[in-house]
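Enquirer: To be precise about what I am sending: the file is called entry.txt and holds compact mmCIF, C-alpha atoms and all ligand atoms.
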# COMPACT_ATOMS: atom_id res chain seq x y z
CA MET Y 1 -18.01 22.67 -58.71
CA GLN Y 2 -16.61 25.71 -60.47
CA ALA Y 3 -17.48 25.93 -64.16
CA SER Y 4 -14.49 25.80 -66.44
CA GLY Y 5 -13.27 29.25 -67.50
CA GLU Y 6 -15.23 30.95 -64.68
CA THR Y 7 -13.23 33.60 -62.82
CA THR Y 8 -13.37 33.72 -59.04
CA SER Y 9 -12.09 35.95 -56.29
CA PRO Y 10 -9.30 34.62 -54.09
CA PRO Y 11 -10.68 32.63 -51.14
CA VAL Y 12 -11.50 34.48 -47.93
CA PRO Y 13 -9.01 33.51 -45.17
CA VAL Y 14 -10.07 30.45 -43.21
CA ASP Y 15 -9.72 29.83 -39.44
CA THR Y 16 -12.62 31.13 -37.38
CA ALA Y 17 -14.71 32.24 -40.35
CA ALA Y 18 -14.69 28.69 -41.73
CA SER Y 19 -15.62 27.06 -38.42
CA THR Y 20 -18.42 29.59 -37.85
CA ALA Y 21 -19.85 28.92 -41.32
CA LEU Y 22 -19.52 25.17 -40.87
CA LEU Y 23 -21.27 25.17 -37.48
CA ALA Y 24 -24.16 27.25 -38.84
CA TRP Y 25 -24.51 24.76 -41.69
CA TYR Y 26 -24.40 21.81 -39.26
CA ASP Y 27 -27.14 23.38 -37.13
CA ALA Y 28 -29.41 23.31 -40.18
CA HIS Y 29 -28.26 20.12 -41.95
CA ALA Y 30 -26.96 17.63 -39.36
CA ARG Y 31 -27.69 14.04 -40.38
CA ARG Y 32 -29.88 12.03 -38.02
CA LEU Y 33 -27.87 8.96 -37.04
CA PRO Y 34 -28.72 6.35 -34.39
CA TRP Y 35 -25.66 7.20 -32.27
CA ARG Y 36 -25.93 10.97 -32.60
CA ARG Y 37 -27.47 13.75 -30.55
CA LEU Y 38 -28.38 16.78 -32.68
CA PRO Y 39 -27.15 20.32 -32.00
CA GLY Y 40 -28.77 21.71 -28.85
CA GLU Y 41 -29.57 18.26 -27.41
CA ALA Y 42 -27.82 16.82 -24.34
CA ARG Y 43 -24.48 15.19 -25.14
CA GLN Y 44 -24.45 11.55 -26.15
CA GLU Y 45 -23.22 8.89 -23.67
CA PRO Y 46 -19.51 8.15 -24.16
CA TYR Y 47 -20.29 4.41 -24.48
CA ARG Y 48 -22.49 5.00 -27.52
CA VAL Y 49 -20.08 7.45 -29.13
CA TRP Y 50 -17.15 5.07 -28.62
CA LEU Y 51 -19.09 2.02 -29.83
CA SER Y 52 -20.23 3.78 -33.00
CA GLU Y 53 -16.79 5.20 -33.74
CA VAL Y 54 -15.15 1.77 -33.42
CA MET Y 55 -17.80 0.21 -35.65
CA LEU Y 56 -17.54 2.99 -38.25
CA GLN Y 57 -13.81 2.47 -38.82
CA GLN Y 58 -13.49 1.14 -42.40
CA THR Y 59 -17.26 0.47 -42.45
CA THR Y 60 -20.19 2.44 -43.88
CA VAL Y 61 -22.91 4.16 -41.87
CA ALA Y 62 -25.53 1.91 -43.52
CA ALA Y 63 -23.69 -1.28 -42.55
CA VAL Y 64 -23.09 -0.18 -38.97
CA GLY Y 65 -26.72 0.76 -38.14
CA PRO Y 66 -28.08 -2.77 -37.44
CA TYR Y 67 -24.95 -3.82 -35.53
CA PHE Y 68 -25.08 -0.73 -33.33
CA ALA Y 69 -28.73 -1.45 -32.47
CA LYS Y 70 -28.00 -5.13 -31.81
CA PHE Y 71 -25.07 -4.40 -29.48
CA LEU Y 72 -27.02 -1.79 -27.50
CA GLU Y 73 -29.99 -4.08 -27.10
CA ARG Y 74 -27.80 -6.90 -25.86
CA TRP Y 75 -25.25 -4.88 -23.89
CA PRO Y 76 -26.89 -1.53 -23.01
CA LYS Y 77 -24.00 -0.28 -20.82
CA VAL Y 78 -20.25 -0.61 -21.09
CA GLN Y 79 -20.31 -2.74 -17.92
CA ASP Y 80 -22.62 -5.21 -19.67
CA LEU Y 81 -20.24 -5.49 -22.60
CA ALA Y 82 -17.29 -5.88 -20.22
CA ALA Y 83 -19.02 -8.87 -18.61
CA ALA Y 84 -19.91 -10.56 -21.92
CA ASP Y 85 -18.34 -13.81 -23.12
CA ASP Y 86 -15.66 -13.26 -25.74
CA ALA Y 87 -17.26 -15.80 -28.08
CA ASP Y 88 -20.66 -14.06 -27.89
CA VAL Y 89 -19.15 -10.68 -28.77
CA MET Y 90 -17.06 -12.12 -31.59
CA ALA Y 91 -20.15 -13.86 -32.99
CA ALA Y 92 -22.24 -10.67 -32.71
CA TRP Y 93 -19.49 -8.81 -34.59
CA ALA Y 94 -19.37 -11.39 -37.41
CA GLY Y 95 -19.91 -9.73 -40.78
CA LEU Y 96 -18.56 -6.29 -39.77
CA GLY Y 97 -15.00 -7.34 -40.63
CA TYR Y 98 -11.68 -6.14 -39.20
CA TYR Y 99 -12.10 -8.47 -36.26
CA ALA Y 100 -9.21 -7.02 -34.26
CA ARG Y 101 -11.67 -4.21 -33.54
CA ALA Y 102 -13.97 -6.61 -31.68
CA ARG Y 103 -11.12 -7.95 -29.55
CA ASN Y 104 -10.01 -4.39 -28.77
CA LEU Y 105 -13.61 -3.44 -28.04
CA LEU Y 106 -13.79 -6.07 -25.30
CA ALA Y 107 -10.41 -5.17 -23.85
CA CYS Y 108 -11.40 -1.52 -23.76
CA ALA Y 109 -14.83 -2.18 -22.20
CA ARG Y 110 -13.17 -4.21 -19.44
CA GLU Y 111 -10.65 -1.47 -18.74
CA VAL Y 112 -13.41 1.18 -18.61
CA ALA Y 113 -15.44 -1.05 -16.26
CA ARG Y 114 -12.36 -1.36 -14.04
CA LEU Y 115 -11.86 2.42 -14.08
CA GLY Y 116 -15.58 3.00 -13.41
CA ALA Y 117 -16.14 5.34 -16.38
CA PHE Y 118 -14.59 6.54 -19.63
CA PRO Y 119 -11.77 9.06 -19.10
CA ASP Y 120 -12.96 12.54 -20.15
CA THR Y 121 -9.76 13.76 -21.79
CA GLU Y 122 -8.21 12.91 -25.15
CA ALA Y 123 -4.99 11.74 -23.45
CA GLY Y 124 -6.91 9.56 -21.00
CA LEU Y 125 -8.95 8.02 -23.81
CA ARG Y 126 -5.83 7.44 -25.92
CA ALA Y 127 -4.42 5.30 -23.07
CA LEU Y 128 -7.34 2.83 -23.30
CA PRO Y 129 -6.68 -0.46 -25.15
CA GLY Y 130 -7.30 -0.21 -28.89
CA LEU Y 131 -8.09 3.52 -29.02
CA GLY Y 132 -6.00 5.21 -31.69
CA ASP Y 133 -5.53 8.92 -32.28
CA TYR Y 134 -8.71 9.25 -34.30
CA THR Y 135 -11.09 7.46 -31.92
CA ALA Y 136 -9.67 9.18 -28.83
CA ALA Y 137 -10.09 12.59 -30.47
CA ALA Y 138 -13.60 11.81 -31.73
CA VAL Y 139 -14.84 10.57 -28.35
CA ALA Y 140 -13.20 13.49 -26.51
CA ALA Y 141 -14.83 15.99 -28.86
CA ILE Y 142 -18.26 14.40 -29.32
CA ALA Y 143 -18.92 12.89 -25.88
CA PHE Y 144 -17.04 15.40 -23.70
CA ASP Y 145 -16.98 18.52 -25.88
CA GLN Y 146 -13.22 18.77 -25.47
CA ARG Y 147 -11.29 20.60 -28.15
CA ALA Y 148 -9.69 17.81 -30.20
CA VAL Y 149 -8.53 17.60 -33.81
CA VAL Y 150 -10.67 14.92 -35.45
CA VAL Y 151 -9.57 13.74 -38.90
CA ASP Y 152 -11.37 10.88 -40.60
CA ALA Y 153 -11.45 10.20 -44.35
CA ASN Y 154 -14.26 12.70 -44.94
CA VAL Y 155 -12.51 15.45 -42.98
CA GLU Y 156 -9.25 14.64 -44.75
CA ARG Y 157 -10.88 15.25 -48.12
CA VAL Y 158 -12.62 18.49 -47.09
CA VAL Y 159 -9.47 19.95 -45.54
CA ALA Y 160 -7.20 18.91 -48.43
CA ARG Y 161 -9.55 20.85 -50.73
CA LEU Y 162 -10.14 23.79 -48.42
CA PHE Y 163 -6.40 24.44 -48.16
CA ALA Y 164 -5.56 23.08 -51.65
CA ILE Y 165 -3.05 20.58 -50.28
CA HIS Y 166 -1.65 18.89 -53.40
CA ASP Y 167 0.84 16.52 -51.77
CA PRO Y 168 -0.34 12.92 -52.18
CA LEU Y 169 -1.80 10.87 -49.35
CA PRO Y 170 -0.70 9.35 -47.09
CA GLY Y 171 2.32 11.70 -46.98
CA ALA Y 172 0.04 14.76 -46.78
CA ARG Y 173 -1.57 13.62 -43.51
CA PRO Y 174 0.60 15.71 -41.15
CA ALA Y 175 -0.14 18.87 -43.19
CA ILE Y 176 -3.86 18.05 -43.22
CA ARG Y 177 -3.84 17.59 -39.48
CA VAL Y 178 -2.12 20.95 -38.95
CA ALA Y 179 -4.66 22.61 -41.24
CA THR Y 180 -7.58 20.92 -39.41
CA ASP Y 181 -6.15 22.19 -36.13
CA ARG Y 182 -6.21 25.73 -37.58
CA ILE Y 183 -9.94 25.63 -38.19
CA THR Y 184 -11.05 23.60 -35.14
CA PRO Y 185 -12.88 25.97 -32.79
CA ASP Y 186 -12.37 26.09 -29.02
CA ALA Y 187 -16.11 25.69 -28.40
CA ARG Y 188 -18.43 23.08 -29.94
CA ALA Y 189 -15.51 20.94 -31.13
CA GLY Y 190 -17.78 17.87 -31.20
CA ASP Y 191 -20.38 19.57 -33.40
CA PHE Y 192 -17.59 20.90 -35.59
CA ALA Y 193 -16.11 17.42 -36.06
CA GLN Y 194 -19.49 15.90 -36.87
CA GLY Y 195 -20.29 18.81 -39.20
CA MET Y 196 -17.07 18.27 -41.13
CA MET Y 197 -17.85 14.55 -41.42
CA ASP Y 198 -21.36 15.33 -42.67
CA LEU Y 199 -20.08 17.90 -45.14
CA GLY Y 200 -17.63 15.35 -46.54
CA ALA Y 201 -20.33 12.68 -46.74
CA THR Y 202 -23.05 14.79 -48.35
CA VAL Y 203 -21.57 17.89 -50.05
CA CYS Y 204 -17.80 17.65 -50.47
CA THR Y 205 -18.10 14.17 -51.92
CA VAL Y 206 -15.32 12.20 -53.59
CA LYS Y 207 -16.29 12.46 -57.26
CA ALA Y 208 -18.63 15.42 -57.64
CA PRO Y 209 -18.40 17.98 -54.84
CA ARG Y 210 -21.51 20.16 -54.67
CA CYS Y 211 -19.59 23.38 -54.18
CA LEU Y 212 -22.57 25.64 -54.87
CA LEU Y 213 -24.25 24.27 -51.71
CA CYS Y 214 -21.12 24.40 -49.58
CA PRO Y 215 -20.77 26.77 -46.61
CA LEU Y 216 -16.98 26.66 -47.00
CA ARG Y 217 -16.96 27.77 -50.64
CA PRO Y 218 -15.90 31.39 -49.88
CA HIS Y 219 -12.84 30.01 -48.07
CA CYS Y 220 -12.00 27.10 -50.35
CA ALA Y 221 -8.67 27.27 -52.18
CA ALA Y 222 -9.40 24.21 -54.34
CA PHE Y 223 -12.69 25.72 -55.51
CA ALA Y 224 -10.86 28.94 -56.39
CA GLN Y 225 -8.24 26.98 -58.34
CA GLY Y 226 -10.85 24.85 -60.12
CA ALA Y 227 -11.28 21.07 -60.31
CA PRO Y 228 -11.47 20.44 -56.54
CA GLU Y 229 -12.50 16.83 -57.24
CA ARG Y 230 -8.86 16.15 -58.10
CA LEU Y 231 -7.96 16.52 -54.43
CA PRO Y 232 -6.83 14.83 -52.31
CA VAL Y 233 -4.19 13.24 -54.50
CA LYS Y 234 -3.65 9.60 -53.64
CA ALA Y 235 -0.38 7.72 -54.16
CA ALA Y 236 -0.82 4.81 -56.59
CA LYS Y 237 -1.83 1.63 -54.79
CA LYS Y 238 0.34 -1.45 -55.06
CA ALA Y 239 -1.43 -4.55 -56.34
CA LYS Y 240 -2.46 -6.80 -53.43
CA PRO Y 241 -0.76 -10.20 -53.18
CA VAL Y 242 -2.93 -13.32 -53.52
CA ARG Y 243 -2.72 -15.97 -50.79
CA LYS Y 244 -4.11 -19.45 -51.20
CA GLY Y 245 -5.49 -21.78 -48.58
CA ARG Y 246 -7.96 -24.55 -47.90
CA ALA Y 247 -10.99 -24.72 -45.62
CA PHE Y 248 -12.61 -27.98 -44.54
CA TRP Y 249 -16.33 -28.72 -44.28
CA ILE Y 250 -16.49 -31.88 -42.15
CA GLU Y 251 -20.05 -33.06 -41.69
CA ARG Y 252 -21.59 -35.81 -39.58
CA ALA Y 253 -25.22 -36.50 -38.61
CA GLY Y 254 -26.50 -33.08 -39.69
CA ALA Y 255 -23.72 -31.15 -37.92
CA VAL Y 256 -20.53 -29.50 -39.17
CA LEU Y 257 -17.27 -29.29 -37.27
CA LEU Y 258 -16.34 -25.73 -36.24
CA VAL Y 259 -13.18 -24.62 -34.45
CA GLN Y 260 -12.26 -21.52 -32.48
CA ARG Y 261 -9.41 -19.67 -34.17
CA GLU Y 262 -6.42 -19.07 -31.99
CA GLY Y 263 -4.96 -15.96 -30.50
CA ARG Y 264 -4.73 -12.51 -31.97
CA GLY Y 265 -3.88 -13.40 -35.57
CA MET Y 266 -6.23 -13.10 -38.56
CA LEU Y 267 -9.83 -13.55 -37.31
CA GLY Y 268 -8.38 -14.65 -33.94
CA GLY Y 269 -10.98 -15.79 -31.40
CA MET Y 270 -13.65 -16.27 -34.09
CA ARG Y 271 -15.60 -19.46 -34.66
CA ALA Y 272 -14.61 -20.84 -38.09
CA LEU Y 273 -14.25 -23.86 -40.33
CA PRO Y 274 -10.96 -25.71 -39.85
CA ASP Y 275 -8.36 -24.52 -42.36
CA ASP Y 276 -4.71 -24.92 -43.28
CA GLY Y 277 -3.40 -21.49 -42.23
CA TRP Y 278 -3.64 -20.13 -45.79
CA SER Y 279 0.02 -20.61 -46.50
CA ALA Y 280 -0.44 -23.66 -48.70
CA LYS Y 281 0.19 -23.48 -52.41
CA GLY Y 282 -3.21 -24.96 -53.17
CA ASP Y 283 -1.59 -28.18 -54.39
CA GLY Y 284 -4.21 -30.48 -52.89
CA SER Y 285 -2.01 -32.03 -50.19
CA GLY Y 286 -3.04 -32.51 -46.58
CA VAL Y 287 -6.48 -32.78 -44.95
CA PRO Y 288 -7.19 -32.57 -41.19
CA ALA Y 289 -8.99 -35.93 -40.85
CA ARG Y 290 -9.14 -39.27 -42.58
CA GLY Y 291 -12.23 -39.79 -44.71
CA GLU Y 292 -13.59 -39.36 -48.21
CA TRP Y 293 -12.81 -35.89 -49.46
CA ARG Y 294 -13.91 -33.99 -52.53
CA SER Y 295 -13.51 -30.44 -53.77
CA GLY Y 296 -16.40 -28.03 -53.13
CA GLY Y 297 -15.10 -25.12 -55.21
CA VAL Y 298 -13.19 -21.92 -54.45
CA VAL Y 299 -14.14 -18.95 -52.25
CA ARG Y 300 -12.54 -15.58 -52.97
CA HIS Y 301 -12.33 -12.86 -50.34
CA GLY Y 302 -10.49 -9.54 -50.16
CA PHE Y 303 -8.70 -8.58 -46.94
CA THR Y 304 -6.98 -5.24 -46.41
CA HIS Y 305 -3.51 -6.40 -47.37
CA PHE Y 306 -4.13 -9.44 -49.53
CA ASP Y 307 -6.73 -11.36 -51.51
CA LEU Y 308 -7.50 -14.91 -50.47
CA GLU Y 309 -8.42 -17.88 -52.64
CA LEU Y 310 -9.80 -20.56 -50.38
CA GLN Y 311 -10.24 -24.07 -51.76
CA LEU Y 312 -13.20 -25.66 -50.01
CA MET Y 313 -12.88 -29.38 -49.26
CA LEU Y 314 -15.90 -31.45 -48.22
CA CYS Y 315 -15.93 -34.63 -46.15
CA ALA Y 316 -19.21 -36.35 -45.26
CA ALA Y 317 -17.89 -39.46 -43.51
CA PRO Y 318 -14.87 -38.57 -41.34
CA GLU Y 319 -13.07 -41.11 -39.19
CA LEU Y 320 -13.89 -39.94 -35.68
CA ALA Y 321 -10.55 -40.84 -34.14
CA SER Y 322 -8.66 -38.54 -36.50
CA LEU Y 323 -10.73 -35.35 -36.11
CA PRO Y 324 -9.32 -32.04 -34.84
CA ALA Y 325 -10.82 -30.60 -31.63
CA GLY Y 326 -13.90 -28.44 -32.15
CA GLU Y 327 -17.65 -28.27 -31.71
CA TRP Y 328 -20.38 -29.86 -33.83
CA TRP Y 329 -22.74 -27.15 -35.01
CA PRO Y 330 -26.17 -27.97 -36.54
CA VAL Y 331 -25.95 -27.37 -40.29
CA SER Y 332 -29.54 -26.11 -40.31
CA ASP Y 333 -28.54 -23.32 -37.90
CA ILE Y 334 -25.19 -22.38 -39.44
CA GLU Y 335 -26.26 -18.73 -39.90
CA ALA Y 336 -26.33 -18.40 -36.08
CA ALA Y 337 -22.71 -19.53 -35.68
CA GLY Y 338 -21.39 -16.00 -36.24
CA LEU Y 339 -18.82 -17.04 -38.82
CA PRO Y 340 -16.63 -14.26 -40.23
CA THR Y 341 -17.51 -13.36 -43.80
CA VAL Y 342 -14.94 -15.52 -45.57
CA PHE Y 343 -16.12 -18.65 -43.73
CA ALA Y 344 -19.78 -17.69 -44.10
CA LYS Y 345 -19.13 -17.62 -47.87
CA ALA Y 346 -17.49 -21.04 -47.62
CA ALA Y 347 -20.46 -22.38 -45.63
CA ARG Y 348 -22.91 -21.12 -48.26
CA LEU Y 349 -20.86 -22.79 -50.97
CA ALA Y 350 -20.77 -26.04 -48.98
CA LEU Y 351 -24.54 -25.99 -48.52
CA ALA Y 352 -24.97 -25.57 -52.27
CA GLU Y 353 -22.45 -28.35 -53.07
CA ARG Y 354 -23.26 -31.08 -50.52
FE1 LIG Z 401 -16.39 22.47 -52.89
FE2 LIG Z 401 -16.89 23.00 -50.34
FE3 LIG Z 401 -15.49 20.87 -50.98
FE4 LIG Z 401 -14.45 23.30 -51.32
S1 LIG Z 401 -14.99 22.33 -49.37
S2 LIG Z 401 -14.36 21.60 -52.76
S3 LIG Z 401 -16.26 24.46 -51.92
S4 LIG Z 401 -17.63 21.23 -51.53
Can you present the structure in this file as structure tokens?
Ligand code: SF4

Expert:
Amino acid sequence: MQASGETTSPPVPVDTAASTALLAWYDAHARRLPWRRLPGEARQEPYRVWLSEVMLQQTTVAAVGPYFAKFLERWPKVQDLAAADDADVMAAWAGLGYYARARNLLACAREVARLGAFPDTEAGLRALPGLGDYTAAAVAAIAFDQRAVVVDANVERVVARLFAIHDPLPGARPAIRVATDRITPDARAGDFAQGMMDLGATVCTVKAPRCLLCPLRPHCAAFAQGAPERLPVKAAKKAKPVRKGRAFWIERAGAVLLVQREGRGMLGGMRALPDDGWSAKGDGSGVPARGEWRSGGVVRHGFTHFDLELQLMLCAAPELASLPAGEWWPVSDIEAAGLPTVFAKAARLALAER
């Protein structure tokens, strides 16, 4: 970062000079990641690029690593994933969050298997189920070396600083995309995209950018202005609403009743504890089966658009005739059920309380 009071020359114009500097830096500093081929190596398989990009949405590199390895071991090719049972894939995804991604992953794998291969253009990729602008551009650039404008959160930050874009996010996104387009080279677009991501992750970091190590410093308008860490500006976040609900731990003969959640709603298709739809006011009314019930405490979990307070109710002697449909899962093997995080928390609380 620029020292306060230090005078600097105006930044050198960007465009090709910036991409050349960035690519030279990437050649020397590319991070080794399980899904990546380094500069000069043969291009990575589209399946692996796509799988990693879907997993990395809203999720850290460290968290994705074990899941990426597990998926590849179990489903080495996109055709294998396309042929998998939905429940197996949803269970393997459990813990990564944002479960709509897993449903889209399966839909996309099945469409690619039907087509015979991944499309090799950004437009063709964008037409696949669940592939948004970012993922289509990233796969086109990284797997097929097509020129595509790839903007993730790291790139967004680097470009907002490089061009000193002071408009707050998310409104500044169109301007950031135009600016990224300006500096995206015709050749090595995949390396360029990965280099920008690496620069954002390791040098142009959120709180303390290491400008003295940065290959883009001669071009960087925010560095020239001082205090680049103030960019990008983010619009103030609204407080998240709190929803309340109840989840039910119904146990019999060493097994707990699990249900498969319906459809495409929250956590749709996932194995879970029965619950009340999370629209209750937490007033203690209504249980899904007759029996002796007691409170097991409260589980709190943050989703993207709301926070959830889930009252856990325990029943150890349900009346069989009144039970909802589901499967009895051995309590001793509950970790293998692939419960999404909120229900895994509830299960841990139940095990401590029973
Ligand atoms: Fe500093 Fe480089 Fe980020 Fe500019 S792009 S703020 S010089 S780290």

Enquirer: Using all atoms listed in the file, determine which residues fall within 6 Å of ligand LIG 401 (chain Z), then list them as number ranges by chain.

Expert: Y: 158, 161-162, 203-204, 209-211, 214, 216-217, 220, 222-223, 228

Enquirer: From the options Y:Gly195, Y:Pro185, Y:Pro232, Y:Gly116, which residue's atoms come nearest to Y:His166, counting all atoms listed in the file?

Expert: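 Using all atoms listed in the file, the shortest distance to Y:His166 belongs to Y:Pro232.
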
Enquirer: Can you measure atom CA of Y:Leu105 to atom CA of Y:Asp181 for me? One decimal in Å is fine.

Expert: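 We find that atom CA of Y:Leu105 and atom CA of Y:Asp181 lie 27.9 Å from each other.
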
Enquirer: What's the separation between atom CA of Y:Glu53 and atom CA of Y:Lys207, in Å to one decimal place?

Expert: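 Those two atoms sit 24.6 Å apart.
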
Enquirer: Please tell me which residues are no farther than 12 Å from (-21.8, -9.8, -30.8) in the file, counting all atoms listed in the file, and write them as a ChimeraX atom specification.

Expert: /Y:55,66-75,81,84-96,99,101-103,105-106,270,336-340

Enquirer: Give the answer as one residue: which of Y:Phe192, Y:Trp293, Y:Tyr47, Y:Phe303 has the shortest atom-to-atom distance to Y:Tyr26, using only C-alpha atoms?

Expert: Y:Phe192

Enquirer: With stretch 28-39 of chain Y as the partner and 7 Å as the cut-off, tabulate the residues of stretch 46-146 of chain Y that qualify, each row holding the nearest pair of atoms and their distance in Å to one decimal, using all atoms listed in the file, sorted by chain and rising number, as JSON lines.

Expert:
{"residue": "Y:Arg48", "atom": "CA", "partner": "Y:Trp35", "partner_atom": "CA", "distance": 6.1}
{"residue": "Y:Val49", "atom": "CA", "partner": "Y:Trp35", "partner_atom": "CA", "distance": 6.4}
{"residue": "Y:Ser52", "atom": "CA", "partner": "Y:Trp35", "partner_atom": "CA", "distance": 6.5}

Enquirer: Using C-alpha atoms, can you export the residues from the last selection as an mmCIF file, in the coordinates of the input?

Expert:
data_model
loop_
_atom_site.group_PDB
_atom_site.id
_atom_site.type_symbol
_atom_site.label_atom_id
_atom_site.label_comp_id
_atom_site.auth_asym_id
_atom_site.auth_seq_id
_atom_site.Cartn_x
_atom_site.Cartn_y
_atom_site.Cartn_z
ATOM 1 C CA ARG Y 48 -22.490 5.000 -27.520
ATOM 2 C CA VAL Y 49 -20.080 7.450 -29.130
ATOM 3 C CA SER Y 52 -20.230 3.780 -33.000
#

Enquirer: Please, which residues are within 12 Å of (-18.5, 13.8, -31.6) by the file's coordinates, counting all atoms listed in the file, and could they come as a PyMOL selection string?

Expert: chain Y and resi 33+35-39+43-53+134-152+188-198

Enquirer: Expressed in Å to a single decimal, how great is the separation between atom CA of Y:Gly291 and atom CA of Y:Leu267?

Expert: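 Between atom CA of Y:Gly291 and atom CA of Y:Leu267 the gap is 27.4 Å.
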
Enquirer: For a quick check of understanding, using only C-alpha atoms, which of Y:Glu41, Y:Glu251, Y:Glu122, Y:Asp80 has the smallest distance to Y:Leu320?

Expert: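 The closest residue to Y:Leu320 is Y:Glu251.
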
Enquirer: Which residue is closest to Y:Gly277? Choose from Y:Ala247, Y:Met313, Y:Ala187, Y:Ala153 and count only C-alpha atoms.

Expert: Y:Ala247

Enquirer: For Y:Thr304, work out the shell of residues within 10 Å, counting all atoms listed in the file and skipping chain neighbours fewer than 4 positions away, then give it as a ChimeraX atom specification.

Expert: /Y:58,98,240

Enquirer: Using the atoms already present, construct N, CA and C atoms for stretch 202-219 of chain Y and hand them back as a PDB file, in the coordinates of the input.

Expert:
ATOM      1  N   THR Y 202     -21.862  14.389 -47.588  1.00  0.00           N
ATOM      2  CA  THR Y 202     -23.050  14.790 -48.350  1.00  0.00           C
ATOM      3  C   THR Y 202     -22.801  15.915 -49.370  1.00  0.00           C
ATOM      4  N   VAL Y 203     -21.794  16.737 -49.160  1.00  0.00           N
ATOM      5  CA  VAL Y 203     -21.570  17.890 -50.050  1.00  0.00           C
ATOM      6  C   VAL Y 203     -20.190  17.799 -50.727  1.00  0.00           C
ATOM      7  N   CYS Y 204     -19.164  17.687 -49.911  1.00  0.00           N
ATOM      8  CA  CYS Y 204     -17.800  17.650 -50.470  1.00  0.00           C
ATOM      9  C   CYS Y 204     -17.454  16.189 -50.759  1.00  0.00           C
ATOM     10  N   THR Y 205     -18.211  15.604 -51.669  1.00  0.00           N
ATOM     11  CA  THR Y 205     -18.100  14.170 -51.920  1.00  0.00           C
ATOM     12  C   THR Y 205     -16.909  13.861 -52.831  1.00  0.00           C
ATOM     13  N   VAL Y 206     -16.557  12.590 -52.915  1.00  0.00           N
ATOM     14  CA  VAL Y 206     -15.320  12.200 -53.590  1.00  0.00           C
ATOM     15  C   VAL Y 206     -15.313  12.649 -55.052  1.00  0.00           C
ATOM     16  N   LYS Y 207     -16.355  12.273 -55.798  1.00  0.00           N
ATOM     17  CA  LYS Y 207     -16.290  12.460 -57.260  1.00  0.00           C
ATOM     18  C   LYS Y 207     -16.886  13.771 -57.740  1.00  0.00           C
ATOM     19  N   ALA Y 208     -17.945  14.227 -57.104  1.00  0.00           N
ATOM     20  CA  ALA Y 208     -18.630  15.420 -57.640  1.00  0.00           C
ATOM     21  C   ALA Y 208     -19.030  16.350 -56.494  1.00  0.00           C
ATOM     22  N   PRO Y 209     -18.057  17.081 -55.946  1.00  0.00           N
ATOM     23  CA  PRO Y 209     -18.400  17.980 -54.840  1.00  0.00           C
ATOM     24  C   PRO Y 209     -19.436  19.010 -55.265  1.00  0.00           C
ATOM     25  N   ARG Y 210     -20.405  19.241 -54.353  1.00  0.00           N
ATOM     26  CA  ARG Y 210     -21.510  20.160 -54.670  1.00  0.00           C
ATOM     27  C   ARG Y 210     -21.158  21.542 -54.105  1.00  0.00           C
ATOM     28  N   CYS Y 211     -20.181  22.165 -54.736  1.00  0.00           N
ATOM     29  CA  CYS Y 211     -19.590  23.380 -54.180  1.00  0.00           C
ATOM     30  C   CYS Y 211     -20.624  24.506 -54.044  1.00  0.00           C
ATOM     31  N   LEU Y 212     -21.619  24.527 -54.939  1.00  0.00           N
ATOM     32  CA  LEU Y 212     -22.570  25.640 -54.870  1.00  0.00           C
ATOM     33  C   LEU Y 212     -23.423  25.574 -53.613  1.00  0.00           C
ATOM     34  N   LEU Y 213     -23.487  24.408 -52.958  1.00  0.00           N
ATOM     35  CA  LEU Y 213     -24.250  24.270 -51.710  1.00  0.00           C
ATOM     36  C   LEU Y 213     -23.365  24.356 -50.483  1.00  0.00           C
ATOM     37  N   CYS Y 214     -22.084  24.598 -50.671  1.00  0.00           N
ATOM     38  CA  CYS Y 214     -21.120  24.400 -49.580  1.00  0.00           C
ATOM     39  C   CYS Y 214     -20.897  25.679 -48.770  1.00  0.00           C
ATOM     40  N   PRO Y 215     -21.004  25.587 -47.453  1.00  0.00           N
ATOM     41  CA  PRO Y 215     -20.770  26.770 -46.610  1.00  0.00           C
ATOM     42  C   PRO Y 215     -19.310  27.208 -46.595  1.00  0.00           C
ATOM     43  N   LEU Y 216     -18.412  26.316 -47.025  1.00  0.00           N
ATOM     44  CA  LEU Y 216     -16.980  26.660 -47.000  1.00  0.00           C
ATOM     45  C   LEU Y 216     -16.488  27.232 -48.343  1.00  0.00           C
ATOM     46  N   ARG Y 217     -17.387  27.349 -49.300  1.00  0.00           N
ATOM     47  CA  ARG Y 217     -16.960  27.770 -50.640  1.00  0.00           C
ATOM     48  C   ARG Y 217     -16.194  29.107 -50.640  1.00  0.00           C
ATOM     49  N   PRO Y 218     -16.648  30.126 -49.837  1.00  0.00           N
ATOM     50  CA  PRO Y 218     -15.900  31.390 -49.880  1.00  0.00           C
ATOM     51  C   PRO Y 218     -14.459  31.267 -49.382  1.00  0.00           C
ATOM     52  N   HIS Y 219     -14.182  30.186 -48.655  1.00  0.00           N
ATOM     53  CA  HIS Y 219     -12.840  30.010 -48.070  1.00  0.00           C
ATOM     54  C   HIS Y 219     -12.015  28.967 -48.816  1.00  0.00           C
TER      55      HIS Y 219
END
